[in-house]
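J.: A single structure is presented below for examination.
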Amino acid sequence: MKIIIAGAGEVGFHLAKLLSYESQEITLLDTDKESLAYANNHLDIKVIRGDATSIAILKEARIDTSELFIAVTSSETTNITACVLAKQLGAQRTIARIANSEFLEQKDEVGFTKFGIDELISPEDLAASEIQLLLNQYAFNDSYEFEDGALTMLSLRLSRNAAFVDKTVKEAAEVLTEIHFVPIAIQRYGTQYTIIPRGDTLFKEGDKVVFITSKGGDDELFELSGKVKIDVRDVMILGGSKIGYKTAKDLCANKFKVKLIEKDKNIAFELADELPKALVINGDGRNVELLEEENIDAQDAFISVTGNSETNIMSCLVAKSKGVKKTIALVENMDYFQLSQSIGIDTLINKKLLAANSIFRYIRKGEIVAMTKLNNMNAELVEFVVNESSKICNKMIKDLDFPRSAIIGGVIRDGEGMIPLGSFKISDGDRVVVCCLPRSIAEVEKFFF
């Protein structure tokens, strides 16, 4: 697939890096010489220096033959303009990164597709949505919803008192009479290897296990995980960034009690005006005395989303030491994901990864409506739409020659999520959620052509 990416910043470089690993034909555009030189030296891609809104530059990048144009520069105006031009010059599909959440809220009314913009993404909005979902599923480390929660991906690390420990997948399934969840990926404690589980796969203490659940499956998982249930209502947010503001706004709208700490006095006053239902505090969140004065030990969750990854990690560790049950830190360095559990932070989120997940579904073959990469695990979770011509249509799961490094985790039919067993028959219109390792992606895609 020929893909042109405008913007060699954090999101653009990360996208180019992931896509180049998959042998996609990538062209990266940017005006910054050093950013392009770094990308050129580290990635197997083509780079062009120039303004993405320049028609001459777009033509030099052979925009007329591109299947996907992605504009992720730091300028919202540049991204929108570049996508409009790219579409007019022959790009098949365009995606623009935006910062103004109003565009997302009113995109149907405005009709951005009429201008030539097929999709809008906001890494900040994606991060805020991820945080709220994580708070709603506070017992779990990662989460992702398909079709407004018809199916949900949840991950947890198995403690010693979890009912699954030292049982095989088959034995664990027999604990409940009706199955509302299924394990789709396992990462052994202390390793970076991802296992696609089978019936004889053994759960071990310390395993990070990813599940697909239908309605009610999260409660069953919670009960079997051995965790103590708490009601998350009091939340402290460190950092009045766009993510901090959007998170506070969304949480207040959902009846959470929110305290937001912002170091910059002017920003703090602006936030206080815009967030009347939140308590905004002007102060340095790295100051332990300030956190104690604001009763951090009485908070159910602590979210750190300042512009500094190290500050976010350290403040979450302080919160954890004060007894806060759920901690979430925003980080820029992907390497930190490997450290999250060992240092005691519940969840790390990364804007680049969230943006990449949102864009990746346009890269995969077959009709894909949702896709996410599992955090710090070498696997993808993809939601395919089945049509009459699909190889998988009208066949039972047990009769499919599905690769061993992939598993069907769930099926959504007429809006209802189901956990399918071997005798389940796939029908036209079904939405099938598949978890697979990178080596089996191409093989899995063939089932849904």
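Just remember, in the structure tokens the first chain shown is A, the second B, etc., residues are 1-based per chain, and ligands are 1-based in the order shown.
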Write out as a list in words the residues lying within 10 Å of Phe447 of chain A, counting only C-alpha atoms and excluding same-chain residues fewer than 5 positions away.
T.: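 Result of the neighbour search: Gly366, Phe384, Val386, Ser389, Ser390, Lys391, Ile392, Cys393, Leu400, Asp401, Phe402 and Ala442 of chain A.
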J.: Please list as a list in words every residue within 10 Å of Glu310 of chain A, counting only C-alpha atoms and excluding residues in the same chain fewer than 5 positions away.
T.: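 Contacts, with the query itself left out: Ser315, Cys316, Ala329, Leu330, Val331, Glu332, Asn333 and Tyr336 of chain A.
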J.: Using the selection just defined, write its residues with C-alpha atoms as a short mmCIF file (atom, residue, chain, number, x, y, z; two decimals), in the first residue's frame.
T.:
data_model
loop_
_atom_site.label_atom_id
_atom_site.label_comp_id
_atom_site.auth_asym_id
_atom_site.auth_seq_id
_atom_site.Cartn_x
_atom_site.Cartn_y
_atom_site.Cartn_z
CA SER A 315 3.62 11.35 40.83
CA CYS A 316 1.71 8.10 40.17
CA ALA A 329 0.22 7.94 33.67
CA LEU A 330 0.66 9.53 30.25
CA VAL A 331 4.07 8.69 28.76
CA GLU A 332 5.81 9.51 25.49
CA ASN A 333 8.54 6.89 25.61
CA TYR A 336 8.26 2.67 29.65
#
J.: Need to verify the contact set: segment 241-246 of chain A, 12 Å, only C-alpha atoms, exclusion of same-chain residues closer than 4 positions in sequence. Can you return it as a ChimeraX atom specification?
T.: /A:99-102,122-132,235-237,250-253,258-264,267-268,270-276,278,280,302-308,328-330,349-351
J.: Neighbours of Asp300 of chain A within 8 Å (only C-alpha atoms; same-chain residues fewer than 2 positions away dropped), as a list in words?
T.: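 Skipping anything fewer than 2 positions along the chain leaves Asp231, Val232, Arg233, Asp234, Val235, Ala298, Phe302, Val324, Lys325 and Lys326 of chain A.
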J.: Any idea what the distance is between atom CA of Ala319 of chain A and atom CA of Ile296 of chain A?
T.: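 Rounded to one decimal, the two atoms are 6.8 Å apart.
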J.: Identify which of the residues A:Gln92, A:Asn161, A:Ala6, A:Asn136 lies closest to Ser74 of chain A, counting only C-alpha atoms when measuring atom-to-atom distances.
T.: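 Closest to Ser74 of chain A, using only C-alpha atoms: A:Ala6.
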J.: For a test of reading the model, state the distance in Å between atom CA of Lys255 of chain A and atom CA of Phe140 of chain A, rounded to one decimal.
T.: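 Straight-line distance from atom CA of Lys255 of chain A to atom CA of Phe140 of chain A works out to 21.1 Å.
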J.: Set the distance at 8 Å and use only C-alpha atoms: which residues neighbour segment 34-47 of chain A once local chain neighbours fewer than 3 positions away are removed? I'd like the list as a ChimeraX atom specification.
T.: /A:8-9,13,16-17,20,25-30
J.: From the list A:Gly199, A:Lys265, A:Thr347, A:Ile5, which residue is nearest Glu174 of chain A when using only C-alpha atoms?
T.: A:Gly199
J.: Point out the residue among A:Ala370, A:Leu279, A:Leu353, A:Ile408 with the least atom-to-atom distance to Leu18 of chain A, counting only C-alpha atoms.
T.: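 Nearest candidate to Leu18 of chain A out of A:Ala370, A:Leu279, A:Leu353, A:Ile408: A:Leu353.
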J.: Run DSSP on the backbone and grab whatever in segment 139-375 of chain A lands in strand (DSSP E); send it over as a ChimeraX atom specification.
T.: /A:142-146,151-157,181-187,194-195,208-213,234-238,257-262,279-282,301-304,326-330,347-349,368-373
J.: So the first atom is atom CA of Ile419 of chain A and the second is atom CA of Arg198 of chain A; what is the distance between them in Å, to one decimal place?
T.: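 Result for atom CA of Ile419 of chain A versus atom CA of Arg198 of chain A: 14.9 Å, one decimal.
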J.: Mind running segment 179-260 of chain A against segment 412-415 of chain A at 12 Å and telling me each contacting residue's nearest atom pair with the distance in Å (one decimal), counting only C-alpha atoms, chain and number ascending, as a Markdown table?
T.:
| residue | atom | partner | partner_atom | distance |
| --- | --- | --- | --- | --- |
| A:Ile212 | CA | A:Ile412 | CA | 11.8 |
| A:Thr213 | CA | A:Ile412 | CA | 11.4 |
| A:Ser214 | CA | A:Ile412 | CA | 9.3 |
| A:Lys215 | CA | A:Ile412 | CA | 11.5 |
J.: Between A:Phe448, A:Phe360, A:Phe69, A:Phe146, which residue has the minimum interatomic distance to Val84 of chain A, considering only C-alpha atoms?
T.: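 Among the listed residues, A:Phe69 lies closest to Val84 of chain A.
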